[in-house]
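J.: Here you go, one structure.
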Amino acid sequence: MVAGRLEQRSWESQAGDKRSKVEVVADEVGPSLRWATAQVTKNDRRGPGDGGRGAAGGGGGRGPAAPTPQEPQSGGYAPDEEPF
(Lines give C-alpha, C1' and ligand atoms only; values in the text may rest on other atoms or scores of the structure.)
Protein backbone atom coordinates (compact mmCIF):
# COMPACT_ATOMS: atom_id res chain seq x y z
CA MET A 1 0.00 0.00 0.00
CA VAL A 2 1.19 3.47 -0.84
CA ALA A 3 -0.26 6.75 0.42
CA GLY A 4 0.71 9.86 -1.48
CA ARG A 5 -0.09 11.77 -4.63
CA LEU A 6 0.45 11.75 -8.39
CA GLU A 7 2.36 14.56 -10.09
CA GLN A 8 2.41 15.16 -13.83
CA ARG A 9 5.34 16.94 -15.48
CA SER A 10 5.52 18.21 -19.07
CA TRP A 11 8.47 19.57 -21.04
CA GLU A 12 9.82 19.94 -24.54
CA SER A 13 12.88 17.97 -25.59
CA GLN A 14 15.88 19.51 -27.39
CA ALA A 15 14.49 18.08 -30.65
CA GLY A 16 11.21 19.97 -30.09
CA ASP A 17 9.14 16.93 -29.08
CA LYS A 18 6.60 17.38 -26.29
CA ARG A 19 7.17 14.97 -23.39
CA SER A 20 5.29 14.28 -20.18
CA LYS A 21 5.43 11.84 -17.31
CA VAL A 22 3.41 10.97 -14.23
CA GLU A 23 5.26 10.35 -10.96
CA VAL A 24 4.10 8.78 -7.71
CA VAL A 25 5.19 10.85 -4.71
CA ALA A 26 4.90 8.45 -1.77
CA ASP A 27 4.36 9.80 1.75
CA GLU A 28 3.90 6.37 3.36
CA VAL A 29 4.60 2.83 2.16
CA GLY A 30 3.16 -0.20 3.96
CA PRO A 31 3.43 -3.97 3.60
CA SER A 32 1.39 -5.88 1.05
CA LEU A 33 -1.98 -7.11 2.27
CA ARG A 34 -2.45 -9.58 -0.58
CA TRP A 35 -1.82 -12.69 1.51
CA ALA A 36 -2.53 -11.18 4.94
CA THR A 37 -4.87 -12.79 7.44
CA ALA A 38 -6.69 -11.24 10.36
CA GLN A 39 -8.12 -12.59 13.57
CA VAL A 40 -10.93 -10.74 15.29
CA THR A 41 -11.26 -10.98 19.07
CA LYS A 42 -13.82 -9.34 21.29
CA ASN A 43 -12.57 -7.54 24.41
CA ASP A 44 -14.43 -7.99 27.68
CA ARG A 45 -16.23 -4.98 29.08
CA ARG A 46 -14.64 -3.34 32.07
CA GLY A 47 -16.51 -2.17 35.11
CA PRO A 48 -16.00 1.12 36.96
CA GLY A 49 -13.44 -0.43 39.35
CA ASP A 50 -11.36 -2.07 36.58
CA GLY A 51 -9.75 1.10 35.26
CA GLY A 52 -12.45 1.57 32.64
CA ARG A 53 -15.25 4.10 32.60
CA GLY A 54 -18.21 1.72 32.68
CA ALA A 55 -21.65 2.49 31.28
CA ALA A 56 -22.24 5.70 33.28
CA GLY A 57 -19.17 7.49 31.91
CA GLY A 58 -18.27 9.47 35.00
CA GLY A 59 -14.82 10.45 36.10
CA GLY A 60 -12.80 10.13 39.22
CA GLY A 61 -10.42 7.42 40.20
CA ARG A 62 -7.09 6.78 38.61
CA GLY A 63 -6.74 5.71 35.01
CA PRO A 64 -4.86 2.60 33.94
CA ALA A 65 -1.18 2.45 34.83
CA ALA A 66 1.35 3.40 32.15
CA PRO A 67 2.78 0.35 30.38
CA THR A 68 6.28 -0.77 31.21
CA PRO A 69 8.81 -1.07 28.34
CA GLN A 70 8.27 -4.84 28.19
CA GLU A 71 4.47 -4.53 28.14
CA PRO A 72 2.84 -3.84 24.75
CA GLN A 73 0.62 -0.79 24.44
CA SER A 74 -2.95 -1.00 23.22
CA GLY A 75 -1.69 -0.92 19.61
CA GLY A 76 0.00 -4.30 20.14
CA TYR A 77 3.59 -3.05 20.04
CA ALA A 78 6.07 -1.95 22.65
CA PRO A 79 6.65 1.82 23.13
CA ASP A 80 10.11 1.66 21.54
CA GLU A 81 8.88 -0.22 18.42
CA GLU A 82 7.43 1.11 15.19
CA PRO A 83 3.86 -0.10 14.52
CA PHE A 84 4.90 -1.51 11.11
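If you're wondering about the labels, chains in the C-alpha coordinates are A, B, ... by order shown, residues count from 1 in each chain, ligands from 1 in order shown.
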Taking 3 positions as the minimum chain separation for residues in the same chain, which residues sit within 8 Å of A:Val22 when counting only C-alpha atoms? Answer as a list of chain:residue names.
T.: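 Counting only C-alpha atoms, the residues come to A:Leu6, A:Glu7, A:Gln8, A:Arg9.
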J.: Could those residues be written to a file, using N, CA, C and O atoms, as a CSV table (one decimal), in the first residue's frame?
T.:
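Resulting contents of again-v1.csv:
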chain,number,residue,atom,x,y,z
A,6,LEU,N,-0.1,11.8,-7.0
A,6,LEU,CA,0.4,11.7,-8.4
A,6,LEU,C,0.8,13.2,-8.8
A,6,LEU,O,0.1,14.1,-8.6
A,7,GLU,N,2.0,13.3,-9.5
A,7,GLU,CA,2.4,14.6,-10.1
A,7,GLU,C,2.7,14.3,-11.6
A,7,GLU,O,3.3,13.4,-11.9
A,8,GLN,N,2.2,15.2,-12.4
A,8,GLN,CA,2.4,15.2,-13.8
A,8,GLN,C,3.4,16.3,-14.2
A,8,GLN,O,3.2,17.4,-13.8
A,9,ARG,N,4.4,15.9,-15.0
A,9,ARG,CA,5.3,16.9,-15.5
A,9,ARG,C,5.3,16.9,-17.0
A,9,ARG,O,5.3,15.9,-17.6
J.: Applying 12 Å and only C-alpha atoms, which residues near stretch 24-32 of chain A remain after dropping the ones on its own chain fewer than 2 positions away? List them as a list in words.
T.: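 The residues satisfying every condition are Met1, Val2, Ala3, Gly4, Arg5, Leu6, Glu7, Gln8, Arg9, Lys21, Val22, Arg34, Trp35, Ala36, Thr37, Pro83 and Phe84 of chain A.
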